[in-house]
$ cat start.cif   # mmCIF, C-alpha atoms and all ligand atoms
data_structure
loop_
_atom_site.label_atom_id
_atom_site.label_comp_id
_atom_site.auth_asym_id
_atom_site.auth_seq_id
_atom_site.Cartn_x
_atom_site.Cartn_y
_atom_site.Cartn_z
CA MET P 21 29.76 1.14 -42.13
CA PRO P 22 32.47 -0.82 -40.26
CA GLU P 23 32.55 -4.55 -40.81
CA ASN P 24 32.03 -5.46 -37.17
CA THR P 25 28.54 -4.03 -36.83
CA ILE P 26 25.24 -5.88 -36.73
CA GLN P 27 22.20 -4.00 -37.88
CA PRO P 28 18.56 -5.05 -37.51
CA LYS P 29 15.77 -2.62 -38.41
CA LEU P 30 15.96 0.29 -35.96
CA CYS P 31 13.64 3.07 -34.87
CA GLN P 32 14.41 6.15 -36.96
CA LYS P 33 14.47 8.36 -33.88
CA CYS P 34 16.05 6.34 -31.05
CA VAL P 35 18.07 3.11 -31.29
CA LEU P 36 15.53 0.44 -30.30
CA PRO P 37 15.53 -2.52 -32.71
CA GLU P 38 12.57 -4.41 -34.15
CA THR P 39 13.58 -7.29 -31.85
CA PHE P 40 12.74 -5.27 -28.71
CA PRO P 41 9.66 -6.76 -26.99
CA GLY P 42 6.36 -4.97 -27.59
CA ILE P 43 7.79 -2.49 -30.11
CA LYS P 44 5.68 -1.11 -32.95
CA PHE P 45 6.69 1.33 -35.69
CA ASP P 46 4.59 4.06 -37.32
CA ALA P 47 4.65 4.88 -41.03
CA ALA P 48 7.72 7.07 -40.56
CA GLY P 49 9.58 4.26 -38.81
CA VAL P 50 9.40 5.86 -35.35
CA CYS P 51 8.85 3.41 -32.50
CA SER P 52 5.97 3.27 -30.03
CA TYR P 53 8.33 3.99 -27.11
CA CYS P 54 9.45 7.26 -28.71
CA GLN P 55 5.83 8.29 -29.26
CA LYS P 56 4.91 7.44 -25.68
CA ASP P 57 7.88 9.36 -24.30
CA GLU P 58 7.12 12.68 -25.98
CA LYS P 59 5.01 14.11 -23.15
CA THR P 60 7.41 12.97 -20.46
CA ILE P 61 10.34 14.63 -22.22
CA GLU P 62 8.40 17.84 -22.64
CA LYS P 63 7.68 18.01 -18.92
CA ALA P 64 11.17 16.92 -17.85
CA PRO P 65 12.76 20.35 -17.19
CA VAL P 66 10.00 21.40 -14.78
CA ARG P 67 10.01 18.06 -13.01
CA LYS P 68 13.79 18.00 -12.70
CA ALA P 69 13.73 21.40 -11.04
CA GLN P 70 11.11 20.13 -8.58
CA TYR P 71 13.25 17.12 -7.73
CA ARG P 72 16.34 19.25 -7.19
CA GLN P 73 14.36 21.28 -4.67
CA ARG P 74 13.11 18.12 -3.03
CA LEU P 75 16.67 16.86 -2.65
CA ASP P 76 17.82 20.19 -1.18
CA GLN P 77 15.04 19.88 1.38
CA LEU P 78 15.69 16.20 2.11
CA VAL P 79 19.40 16.82 2.66
CA LYS P 80 18.58 19.62 5.11
CA GLU P 81 16.29 17.34 7.08
CA THR P 82 18.54 14.29 7.12
CA GLN P 83 21.82 16.09 7.80
CA ALA P 84 20.48 17.07 11.17
CA GLU P 85 19.83 13.49 12.24
CA ALA P 86 22.69 11.57 10.60
CA ARG P 87 25.25 10.22 13.06
CA THR P 88 28.40 9.29 11.21
CA TYR P 89 27.63 9.69 7.53
CA ASP P 90 24.95 11.60 5.67
CA ALA P 91 25.02 9.21 2.73
CA ILE P 92 26.35 5.93 1.51
CA MET P 93 27.12 5.70 -2.19
CA ALA P 94 27.08 2.53 -4.29
CA TYR P 95 30.39 3.23 -5.96
CA SER P 96 31.69 1.35 -9.01
CA GLY P 97 34.40 3.84 -9.96
CA GLY P 98 32.66 4.42 -13.29
CA LYS P 99 31.86 7.80 -14.79
CA ASP P 100 28.31 8.08 -13.48
CA SER P 101 28.90 7.06 -9.89
CA SER P 102 32.11 9.13 -9.69
CA TYR P 103 30.24 12.16 -10.92
CA THR P 104 27.36 11.57 -8.50
CA LEU P 105 29.85 11.42 -5.67
CA LYS P 106 31.42 14.71 -6.76
CA LEU P 107 28.04 16.35 -7.12
CA LEU P 108 26.97 15.33 -3.63
CA ARG P 109 30.24 16.56 -2.15
CA ASP P 110 30.31 19.87 -4.06
CA ARG P 111 26.68 20.84 -3.76
CA TYR P 112 25.86 19.58 -0.28
CA ASP P 113 29.17 18.89 1.45
CA LEU P 114 27.77 15.54 2.59
CA ARG P 115 29.81 13.17 4.71
CA ILE P 116 29.87 10.13 2.46
CA ALA P 117 30.96 6.51 2.75
CA ALA P 118 31.49 5.06 -0.73
CA LEU P 119 30.95 1.31 -0.93
CA THR P 120 32.45 -0.67 -3.80
CA PHE P 121 31.11 -4.14 -4.34
CA ASP P 122 34.07 -6.09 -5.73
CA ASN P 123 32.54 -8.83 -7.87
CA HIS P 124 36.02 -10.17 -8.79
CA PHE P 125 35.81 -8.37 -12.15
CA VAL P 126 36.54 -4.79 -11.12
CA SER P 127 39.12 -3.49 -13.58
CA PRO P 128 42.50 -2.19 -12.37
CA ALA P 129 41.67 1.10 -14.10
CA ALA P 130 38.47 1.36 -12.06
CA TYR P 131 40.46 0.86 -8.85
CA ASP P 132 42.89 3.60 -9.87
CA ASN P 133 39.96 5.95 -10.39
CA ILE P 134 38.31 4.94 -7.14
CA LYS P 135 41.46 5.76 -5.17
CA LYS P 136 41.96 9.10 -6.89
CA VAL P 137 38.35 10.21 -6.62
CA CYS P 138 37.87 9.20 -2.98
CA ASP P 139 41.07 10.96 -1.96
CA ALA P 140 40.32 14.08 -3.96
CA LEU P 141 36.77 14.32 -2.61
CA HIS P 142 37.66 13.34 0.98
CA VAL P 143 35.37 10.34 0.98
CA ASP P 144 35.79 7.20 3.10
CA HIS P 145 35.92 4.08 0.99
CA ILE P 146 34.70 0.58 1.84
CA ILE P 147 35.40 -2.44 -0.36
CA PHE P 148 33.10 -5.40 0.01
CA LYS P 149 34.28 -8.58 -1.67
CA PRO P 150 32.55 -11.91 -1.17
CA PRO P 151 34.65 -15.02 -1.85
CA TRP P 152 34.94 -16.39 -5.39
CA SER P 153 33.12 -19.53 -4.23
CA VAL P 154 29.98 -17.40 -3.77
CA ILE P 155 30.39 -15.24 -6.85
CA LYS P 156 31.34 -17.84 -9.45
CA PRO P 157 28.22 -20.07 -9.25
CA LEU P 158 25.95 -17.01 -9.34
CA PHE P 159 27.56 -15.57 -12.48
CA ALA P 160 28.07 -18.97 -14.11
CA LEU P 161 24.33 -19.60 -13.71
CA THR P 162 23.19 -16.20 -14.95
CA ALA P 163 25.58 -16.47 -17.92
CA GLN P 164 23.73 -19.61 -19.00
CA THR P 165 20.11 -18.88 -18.08
CA ASP P 166 17.73 -16.04 -17.21
CA PRO P 167 16.31 -16.97 -13.80
CA PHE P 168 14.71 -13.61 -12.97
CA ALA P 169 11.30 -12.32 -14.03
CA ALA P 170 10.96 -11.45 -17.72
CA PRO P 171 10.67 -7.64 -17.27
CA THR P 172 14.19 -7.51 -15.79
CA LEU P 173 15.60 -8.62 -19.17
CA LEU P 174 14.40 -5.43 -20.83
CA ARG P 175 16.66 -3.29 -18.66
CA ALA P 176 19.71 -5.45 -17.91
CA SER P 177 21.41 -8.79 -18.48
CA SER P 178 20.74 -11.46 -15.86
CA ILE P 179 24.39 -11.26 -14.76
CA CYS P 180 23.95 -7.52 -14.08
CA THR P 181 20.61 -8.05 -12.37
CA ALA P 182 22.17 -10.59 -10.01
CA CYS P 183 25.15 -8.35 -9.26
CA ILE P 184 23.08 -5.20 -8.76
CA GLY P 185 20.67 -7.11 -6.52
CA LEU P 186 23.59 -7.78 -4.18
CA VAL P 187 24.88 -4.22 -4.42
CA LYS P 188 21.49 -2.72 -3.55
CA SER P 189 21.12 -5.08 -0.66
CA LEU P 190 24.61 -4.45 0.74
CA VAL P 191 24.38 -0.66 0.67
CA LEU P 192 20.96 -0.79 2.31
CA LYS P 193 22.20 -3.19 4.97
CA THR P 194 25.19 -0.97 5.69
CA ALA P 195 23.00 2.13 5.78
CA LEU P 196 20.76 0.52 8.40
CA GLU P 197 23.62 -0.76 10.52
CA MET P 198 25.45 2.57 10.44
CA SER P 199 22.34 4.79 10.74
CA ILE P 200 22.93 6.46 7.38
CA PRO P 201 19.80 8.23 6.11
CA LEU P 202 20.60 8.48 2.37
CA VAL P 203 21.61 5.79 -0.12
CA ALA P 204 22.94 7.22 -3.39
CA PHE P 205 23.17 5.53 -6.77
CA GLY P 206 24.72 6.79 -9.99
CA TRP P 207 22.00 5.62 -12.39
CA SER P 208 22.08 7.68 -15.57
CA PRO P 209 18.95 9.56 -16.68
CA GLY P 210 18.52 6.76 -19.23
CA GLN P 211 18.35 4.15 -16.49
CA ALA P 212 16.35 6.04 -13.88
CA PRO P 213 13.15 7.93 -14.70
CA ILE P 214 12.85 11.27 -12.91
CA GLN P 215 10.14 10.07 -10.55
CA SER P 216 12.45 7.35 -9.24
CA GLY P 217 15.03 10.01 -8.34
CA ILE P 218 14.07 10.19 -4.67
CA MET P 219 12.39 7.32 -2.90
CA LYS P 220 11.85 6.43 0.72
CA THR P 221 12.62 2.72 1.01
CA ASN P 222 9.87 0.70 2.61
CA PRO P 223 10.72 -2.38 4.70
CA ARG P 224 7.91 -4.49 3.35
CA LEU P 225 8.51 -3.61 -0.28
CA ILE P 226 12.22 -4.36 0.15
CA ARG P 227 11.39 -7.63 1.84
CA MET P 228 9.23 -8.70 -1.10
CA ASN P 229 11.98 -7.69 -3.51
CA GLN P 230 14.58 -9.70 -1.68
CA SER P 231 12.46 -12.80 -1.44
CA ALA P 232 11.68 -12.54 -5.18
CA LEU P 233 15.43 -12.42 -5.85
CA LYS P 234 16.04 -15.50 -3.73
CA LYS P 235 13.05 -17.39 -5.04
CA ALA P 236 14.35 -17.03 -8.59
CA LEU P 237 17.61 -18.84 -7.79
CA PRO P 238 18.36 -22.53 -7.18
CA VAL P 239 18.29 -23.40 -3.46
CA GLU P 240 22.07 -23.72 -3.05
CA ILE P 241 22.87 -20.42 -4.70
CA ALA P 242 20.04 -18.69 -2.84
CA ALA P 243 21.52 -20.00 0.41
CA SER P 244 25.00 -18.79 -0.49
CA ILE P 245 23.87 -15.20 -1.13
CA THR P 246 21.55 -15.03 1.89
CA PRO P 247 24.24 -13.54 4.18
CA TYR P 248 24.41 -10.53 1.84
CA LEU P 249 20.67 -9.88 1.97
CA LEU P 250 18.78 -8.27 4.83
CA PRO P 251 18.28 -10.61 7.79
CA ASP P 252 14.58 -11.07 8.62
CA GLN P 253 14.85 -9.34 11.98
CA TYR P 254 16.18 -6.13 10.37
CA TYR P 255 12.79 -5.26 8.93
CA GLU P 256 11.40 -4.77 12.42
CA LYS P 257 14.56 -3.78 14.22
CA TYR P 258 15.24 -0.88 11.85
CA ASP P 259 11.65 -0.25 10.83
CA HIS P 260 11.88 3.53 11.34
CA LYS P 261 15.38 3.90 9.98
CA PHE P 262 14.90 2.80 6.41
CA PRO P 263 16.78 5.35 4.27
CA HIS P 264 15.85 7.35 1.20
CA ASN P 265 17.30 6.13 -2.07
CA ILE P 266 18.49 8.97 -4.26
CA HIS P 267 19.44 8.88 -7.94
CA PRO P 268 20.67 12.47 -8.50
CA LEU P 269 21.62 12.06 -12.16
CA ALA P 270 17.95 11.47 -12.96
CA PHE P 271 17.30 15.15 -12.25
CA PHE P 272 20.58 17.06 -12.53
CA ASP P 273 22.15 18.21 -15.81
CA TYR P 274 23.74 15.30 -17.60
CA ASP P 275 26.23 15.97 -20.35
CA GLU P 276 28.76 13.21 -20.94
CA THR P 277 31.54 15.45 -22.24
CA ALA P 278 31.13 17.97 -19.44
CA ILE P 279 31.05 15.15 -16.88
CA LYS P 280 34.29 13.63 -18.15
CA GLU P 281 35.96 17.03 -18.17
CA GLU P 282 34.87 17.79 -14.64
CA LEU P 283 36.00 14.37 -13.43
CA GLY P 284 39.34 14.97 -15.12
CA THR P 285 39.97 17.79 -12.67
CA ILE P 286 40.01 15.30 -9.78
CA GLY P 287 42.16 12.72 -11.54
CA TRP P 288 39.50 10.39 -12.97
CA GLN P 289 40.42 8.97 -16.36
CA ALA P 290 38.24 7.15 -18.88
CA PRO P 291 39.54 3.57 -18.80
CA SER P 292 40.57 1.84 -22.00
CA ASP P 293 40.72 -1.76 -20.82
CA THR P 294 36.98 -2.38 -20.82
CA ASP P 295 34.18 -2.48 -23.38
CA THR P 296 32.32 0.51 -24.76
CA ASN P 297 29.39 0.55 -22.34
CA SER P 298 30.98 -0.01 -18.97
CA SER P 299 34.10 1.69 -17.80
CA ASN P 300 34.67 -0.49 -14.78
CA CYS P 301 33.55 -4.11 -15.04
CA LEU P 302 35.55 -6.80 -16.86
CA LEU P 303 32.51 -9.07 -16.93
CA ASN P 304 30.36 -6.65 -18.85
CA ALA P 305 31.23 -7.65 -22.42
CA TYR P 306 30.48 -11.30 -21.71
CA ALA P 307 27.26 -10.41 -19.87
CA ASN P 308 26.19 -8.36 -22.91
CA GLN P 309 27.02 -11.13 -25.32
CA CYS P 310 25.08 -13.75 -23.32
CA HIS P 311 22.07 -11.43 -23.25
CA ILE P 312 22.19 -10.58 -26.95
CA LYS P 313 22.42 -14.25 -27.85
CA ARG P 314 19.35 -15.20 -25.82
CA CYS P 315 17.18 -12.07 -26.16
CA SER P 316 18.23 -10.68 -29.57
CA PHE P 317 18.70 -7.16 -28.25
CA HIS P 318 21.47 -5.43 -26.32
CA PRO P 319 20.88 -5.15 -22.54
CA TYR P 320 21.84 -1.44 -22.62
CA VAL P 321 19.59 -0.53 -25.53
CA TRP P 322 16.74 0.70 -23.31
CA GLU P 323 19.08 3.07 -21.46
CA ILE P 324 20.82 4.30 -24.60
CA ALA P 325 17.50 4.80 -26.43
CA ASN P 326 16.35 6.98 -23.53
CA LEU P 327 19.56 9.00 -23.62
CA VAL P 328 19.19 9.55 -27.37
CA ARG P 329 15.58 10.74 -26.91
CA GLN P 330 16.68 13.05 -24.12
CA GLY P 331 19.33 14.55 -26.39
CA VAL P 332 22.21 13.38 -24.18
CA MET P 333 23.79 11.60 -27.12
CA THR P 334 23.17 11.56 -30.86
CA ARG P 335 21.48 8.62 -32.53
CA ASN P 336 24.73 7.76 -34.32
CA GLU P 337 26.67 7.70 -31.05
CA GLY P 338 23.96 5.46 -29.62
CA ILE P 339 24.11 3.13 -32.59
CA GLU P 340 27.87 2.85 -32.25
CA LYS P 341 27.57 2.00 -28.55
CA ILE P 342 24.91 -0.64 -29.06
CA TYR P 343 25.55 -2.21 -32.44
CA THR P 344 29.29 -2.80 -32.24
CA GLU P 345 30.36 -6.39 -31.57
CA GLN P 346 31.52 -7.12 -28.03
CA ASN P 347 35.28 -7.13 -27.61
CA ALA P 348 36.17 -10.80 -28.26
CA GLU P 349 39.13 -10.82 -25.91
CA MET P 350 37.04 -9.42 -23.05
CA VAL P 351 34.32 -11.98 -23.72
CA ARG P 352 36.82 -14.84 -23.69
CA TYR P 353 38.46 -13.58 -20.50
CA ALA P 354 35.22 -13.66 -18.51
CA GLN P 355 33.93 -16.82 -20.13
CA THR P 356 37.11 -18.71 -19.25
CA ARG P 357 36.95 -17.61 -15.64
CA LEU P 358 33.35 -18.72 -15.33
CA THR P 359 33.75 -22.21 -16.77
CA MET H 4 -15.98 3.32 -11.66
CA MET H 5 -13.78 0.70 -9.99
CA ASP H 6 -13.68 -1.31 -13.20
CA GLU H 7 -12.62 1.74 -15.15
CA ILE H 8 -9.82 2.52 -12.72
CA LYS H 9 -8.63 -1.05 -12.79
CA ALA H 10 -8.66 -1.17 -16.57
CA LYS H 11 -6.49 1.94 -16.80
CA ILE H 12 -3.99 0.55 -14.30
CA ARG H 13 -3.94 -2.83 -16.02
CA ALA H 14 -3.23 -1.18 -19.35
CA PHE H 15 -0.32 0.74 -17.81
CA ILE H 16 1.21 -2.35 -16.18
CA VAL H 17 0.80 -4.49 -19.28
CA GLU H 18 2.28 -1.87 -21.54
CA ASN H 19 5.18 -0.81 -19.33
CA PHE H 20 6.18 -3.94 -17.46
CA LEU H 21 4.80 -6.88 -19.41
CA TYR H 22 5.36 -5.35 -22.82
CA GLY H 23 1.98 -6.20 -24.18
CA GLU H 24 1.73 -9.73 -22.70
CA ASP H 25 -1.13 -9.73 -20.21
CA SER H 26 -1.58 -13.49 -19.88
CA GLU H 27 0.33 -13.61 -16.56
CA LEU H 28 -1.61 -10.85 -14.88
CA ASP H 29 -4.58 -11.68 -12.66
CA ASP H 30 -6.31 -9.10 -10.50
CA ASP H 31 -4.56 -10.43 -7.41
CA THR H 32 -1.12 -11.19 -8.90
CA SER H 33 1.58 -9.75 -6.63
CA PHE H 34 3.67 -7.29 -8.67
CA LEU H 35 6.69 -7.59 -6.40
CA GLY H 36 6.28 -11.21 -5.36
CA ASP H 37 6.10 -12.34 -8.97
CA GLY H 38 8.90 -10.02 -10.03
CA ILE H 39 6.71 -8.04 -12.43
CA ILE H 40 7.81 -4.75 -10.86
CA ASP H 41 10.81 -3.96 -8.67
CA SER H 42 11.04 -1.14 -6.16
CA THR H 43 12.07 1.36 -8.84
CA GLY H 44 9.17 0.22 -10.99
CA ILE H 45 6.82 0.90 -8.09
CA LEU H 46 7.81 4.56 -8.40
CA GLU H 47 7.00 4.56 -12.09
CA LEU H 48 3.60 3.19 -11.15
CA VAL H 49 3.22 5.90 -8.51
CA GLY H 50 4.12 8.56 -11.08
CA PHE H 51 1.46 7.19 -13.39
CA LEU H 52 -1.19 7.14 -10.65
CA GLU H 53 -0.41 10.70 -9.58
CA GLU H 54 -0.67 11.96 -13.11
CA THR H 55 -3.65 9.95 -14.33
CA PHE H 56 -5.87 10.21 -11.27
CA GLU H 57 -4.55 13.53 -9.98
CA ILE H 58 -3.78 12.17 -6.55
CA GLU H 59 -0.73 12.55 -4.36
CA VAL H 60 0.94 9.45 -2.98
CA ASP H 61 2.83 10.02 0.28
CA ASP H 62 5.99 8.15 1.25
CA GLU H 63 4.07 6.46 4.06
CA GLU H 64 1.61 5.06 1.55
CA LEU H 65 4.23 3.13 -0.43
CA LEU H 66 2.93 -0.13 0.99
CA PRO H 67 2.16 -3.52 -0.52
CA GLU H 68 -1.49 -3.26 0.54
CA ASN H 69 -1.78 -0.11 -1.57
CA LEU H 70 0.43 -0.92 -4.50
CA ASP H 71 1.15 -4.61 -4.90
CA SER H 72 -1.66 -5.93 -7.14
CA LEU H 73 -4.31 -4.63 -9.51
CA ASP H 74 -6.95 -5.16 -6.82
CA ASN H 75 -4.91 -3.28 -4.22
CA VAL H 76 -3.97 -0.38 -6.45
CA ALA H 77 -7.51 0.08 -7.75
CA ALA H 78 -8.94 0.05 -4.21
CA TYR H 79 -6.29 2.49 -3.05
CA VAL H 80 -6.93 4.88 -5.94
CA ALA H 81 -10.70 4.67 -5.39
CA ARG H 82 -10.19 5.71 -1.76
CA LYS H 83 -8.01 8.66 -2.75
CA ILE H 84 -10.12 10.26 -5.48
ZN ZN P 401 12.23 5.00 -30.92
#
$ encode --input "start.cif" --output "structure tokens" --more "lines below"
Ligand SMILES: [Zn+2]
Amino acid sequence: MPENTIQPKLCQKCVLPETFPGIKFDAAGVCSYCQKDEKTIEKAPVRKAQYRQRLDQLVKETQAEARTYDAIMAYSGGKDSSYTLKLLRDRYDLRIAALTFDNHFVSPAAYDNIKKVCDALHVDHIIFKPPWSVIKPLFALTAQTDPFAAPTLLRASSICTACIGLVKSLVLKTALEMSIPLVAFGWSPGQAPIQSGIMKTNPRLIRMNQSALKKALPVEIAASITPYLLPDQYYEKYDHKFPHNIHPLAFFDYDETAIKEELGTIGWQAPSDTDTNSSNCLLNAYANQCHIKRCSFHPYVWEIANLVRQGVMTRNEGIEKIYTEQNAEMVRYAQTRLT
Amino acid sequence: MMDEIKAKIRAFIVENFLYGEDSELDDDTSFLGDGIIDSTGILELVGFLEETFEIEVDDEELLPENLDSLDNVAAYVARKI
């Protein structure tokens, strides 16, 4: 075993550690989450097929009413969102606006990929970049503390939760303003359960989500991000135009090697200047390290454990992804910028 | 019957979103307002309801008054079955 690995007791089947909240192990060392997941995994192929049909149907219905674009895509330039974009173009020929939220840590390699992919797929690209004066306090805070509700920590670091909260809000806001009926995300099948693959957004549920996000933050920071959230009047003004969120990778075939190969044909390249889990964000290693220090488990472990159970990656590949130390140089880079 | 429904839903929420800690969960605690569940989590709850109680939840029914607390969910399920 390499020197730079840290190894608590792990589930014998997935990669969840004994430090993961609520975990129990049976006599064979298999965790309670693996046991609970067995039925879901058994039923997955049938359900995935149902969801693919549902998306076919939904696209047919919405294409008829869309004005300028059929879909807006939350686009990071990473493998998963690039592949989602390609899938939506190839399978449905959708007119897509790809929106990249530039959190001031988007890697140059990610930008290279974004340019290549958008050009190759004939997709319009929008970059949204709030000023550093808004971004820095939000990330500096979430690097130091976990302001959001406890369950969020099981799926992501607080830095990621803050960033994704803004991304979700911005793509929704843009969808409403531009009358776009579909909002696409590139969540992997480890991040998004099948039943979350297609969802009609509901104004009142979104409103409660957004106020929970704001309520969790100190008043000044909450005020500074308010312009990026939905204005109160939108909930009524656009009441009947709230889009469907779609997470296609939750229910299409997902094979990492095949995905990388297919993306290679349109010029996308796996970046080397970032950490092992994220191919696009220079803040990720530091976000991971902050989370591991406070929570004693890796913020990606839930996703990777799911992917291992689903057979997308082997347990050893999962262990390497999760239990390798964060790249010290990357950690220092982000830490310095945030202090 | 209502108590039985509520107990099943409580067990699901505690196990999947509170990871065994049920001290924070009253019958009228707002799932979304208190950040226990986000909008994606609501769909996991819907999936559970559809499977466990053999009901179908329509898009138009994804409303706080149906889904945002133990009381609301239990009453909603009781109406549907
Ligand atoms: Zn396990």
$ interface_residues --input "start.cif" --of "chain H" --to "chain P" --cutoff "8 Å" --atoms "only C-alpha atoms" --output "MDAnalysis selection string"
chainID H and resid 18 20:23 35:43 46:47 50 62 65:67
$ write_last_selection --input "start.cif" --atoms "C-alpha atoms" --output "tab-separated table (two decimals), in the frame of the given file"
chain	number	residue	atom	x	y	z
H	18	GLU	CA	2.28	-1.87	-21.54
H	20	PHE	CA	6.18	-3.94	-17.46
H	21	LEU	CA	4.80	-6.88	-19.41
H	22	TYR	CA	5.36	-5.35	-22.82
H	23	GLY	CA	1.98	-6.20	-24.18
H	35	LEU	CA	6.69	-7.59	-6.40
H	36	GLY	CA	6.28	-11.21	-5.36
H	37	ASP	CA	6.10	-12.34	-8.97
H	38	GLY	CA	8.90	-10.02	-10.03
H	39	ILE	CA	6.71	-8.04	-12.43
H	40	ILE	CA	7.81	-4.75	-10.86
H	41	ASP	CA	10.81	-3.96	-8.67
H	42	SER	CA	11.04	-1.14	-6.16
H	43	THR	CA	12.07	1.36	-8.84
H	46	LEU	CA	7.81	4.56	-8.40
H	47	GLU	CA	7.00	4.56	-12.09
H	50	GLY	CA	4.12	8.56	-11.08
H	62	ASP	CA	5.99	8.15	1.25
H	65	LEU	CA	4.23	3.13	-0.43
H	66	LEU	CA	2.93	-0.13	0.99
H	67	PRO	CA	2.16	-3.52	-0.52
$ residues_around --input "start.cif" --residues "Lys136 of chain P" --least-positions-apart "6" --cutoff "12 Å" --atoms "only C-alpha atoms" --output "PyMOL selection string"
chain P and resi 97+102+106+129-130+142-145+283-289
$ write_last_selection --input "start.cif" --atoms "C-alpha atoms" --output "PDB file, in the frame of the given file"
ATOM      1  CA  GLY P  97      34.400   3.840  -9.960  1.00  0.00           C
ATOM      2  CA  SER P 102      32.110   9.130  -9.690  1.00  0.00           C
ATOM      3  CA  LYS P 106      31.420  14.710  -6.760  1.00  0.00           C
ATOM      4  CA  ALA P 129      41.670   1.100 -14.100  1.00  0.00           C
ATOM      5  CA  ALA P 130      38.470   1.360 -12.060  1.00  0.00           C
ATOM      6  CA  HIS P 142      37.660  13.340   0.980  1.00  0.00           C
ATOM      7  CA  VAL P 143      35.370  10.340   0.980  1.00  0.00           C
ATOM      8  CA  ASP P 144      35.790   7.200   3.100  1.00  0.00           C
ATOM      9  CA  HIS P 145      35.920   4.080   0.990  1.00  0.00           C
ATOM     10  CA  LEU P 283      36.000  14.370 -13.430  1.00  0.00           C
ATOM     11  CA  GLY P 284      39.340  14.970 -15.120  1.00  0.00           C
ATOM     12  CA  THR P 285      39.970  17.790 -12.670  1.00  0.00           C
ATOM     13  CA  ILE P 286      40.010  15.300  -9.780  1.00  0.00           C
ATOM     14  CA  GLY P 287      42.160  12.720 -11.540  1.00  0.00           C
ATOM     15  CA  TRP P 288      39.500  10.390 -12.970  1.00  0.00           C
ATOM     16  CA  GLN P 289      40.420   8.970 -16.360  1.00  0.00           C
TER      17      GLN P 289
END
$ residues_near_ligand --input "start.cif" --ligand "ligand ZN 401 (chain P)" --cutoff "6 Å" --atoms "only C-alpha atoms and all ligand atoms" --output "PyMOL selection string"
chain P and resi 31+33-34+36+50-51+53-54
$ residues_near_point --input "start.cif" --point "(2.2, -3.5, -7.0)" --cutoff "7 Å" --atoms "only C-alpha atoms" --output "short mmCIF file (atom, residue, chain, number, x, y, z; two decimals) with C-alpha atoms, in the frame of the given file"
data_model
loop_
_atom_site.label_atom_id
_atom_site.label_comp_id
_atom_site.auth_asym_id
_atom_site.auth_seq_id
_atom_site.Cartn_x
_atom_site.Cartn_y
_atom_site.Cartn_z
CA SER H 33 1.58 -9.75 -6.63
CA PHE H 34 3.67 -7.29 -8.67
CA LEU H 35 6.69 -7.59 -6.40
CA ILE H 40 7.81 -4.75 -10.86
CA ILE H 45 6.82 0.90 -8.09
CA PRO H 67 2.16 -3.52 -0.52
CA LEU H 70 0.43 -0.92 -4.50
CA ASP H 71 1.15 -4.61 -4.90
CA SER H 72 -1.66 -5.93 -7.14
CA VAL H 76 -3.97 -0.38 -6.45
#
$ atom_distance --input "start.cif" --atom1 "atom CA of Leu302 of chain P" --atom2 "atom CA of Ala204 of chain P"
23.2 Å
$ residues_near_point --input "start.cif" --point "(34.2, -4.1, 0.7)" --cutoff "8 Å" --atoms "all atoms listed in the file" --output "VMD selection string"
chain P and resid 119 to 122 146 to 149
$ write_last_selection --input "start.cif" --atoms "C-alpha atoms" --output "compact mmCIF listing (two decimals), in the frame of the given file"
# COMPACT_ATOMS: atom_id res chain seq x y z
CA LEU P 119 30.95 1.31 -0.93
CA THR P 120 32.45 -0.67 -3.80
CA PHE P 121 31.11 -4.14 -4.34
CA ASP P 122 34.07 -6.09 -5.73
CA ILE P 146 34.70 0.58 1.84
CA ILE P 147 35.40 -2.44 -0.36
CA PHE P 148 33.10 -5.40 0.01
CA LYS P 149 34.28 -8.58 -1.67
$ closest_residue --input "start.cif" --among "P:Val79, P:Ile245, P:Ile184, P:Ala48" --to "Pro157 of chain P" --atoms "all atoms listed in the file"
P:Ile245
$ atom_distance --input "start.cif" --atom1 "atom CA of Ala290 of chain P" --atom2 "atom CA of Asp273 of chain P"
19.8 Å
$ closest_residue --input "start.cif" --among "H:Ala77, H:Ile84, H:Thr32, H:Ala10" --to "Glu59 of chain H" --atoms "all atoms listed in the file"
H:Ile84
$ atom_distance --input "start.cif" --atom1 "atom CA of Leu196 of chain P" --atom2 "atom CA of Ile92 of chain P"
10.4 Å
$ residues_around --input "start.cif" --residues "Asn308 of chain P" --least-positions-apart "3" --cutoff "9 Å" --atoms "only C-alpha atoms" --output "JSON, numbers by chain"
{"P": [176, 177, 179, 303, 304, 305, 311, 312, 313, 318, 319, 320, 346, 351]}
$ residues_around --input "start.cif" --residues "Leu237 of chain P" --least-positions-apart "2" --cutoff "10 Å" --atoms "only C-alpha atoms" --output "MDAnalysis selection string"
chainID P and resid 158 161:162 166:168 182 232:235 239:243 245
$ closest_residue --input "start.cif" --among "H:Gly44, H:Asp6, H:Asp31, H:Asn69" --to "Asn19 of chain H" --atoms "all atoms listed in the file"
H:Gly44
$ closest_residue --input "start.cif" --among "P:Ala307, P:Ala84, P:Cys138, P:Met198" --to "Asn347 of chain P" --atoms "all atoms listed in the file"
P:Ala307
$ closest_residue --input "start.cif" --among "P:Pro268, P:Glu85, P:Gln55, P:Leu186" --to "Pro247 of chain P" --atoms "all atoms listed in the file"
P:Leu186
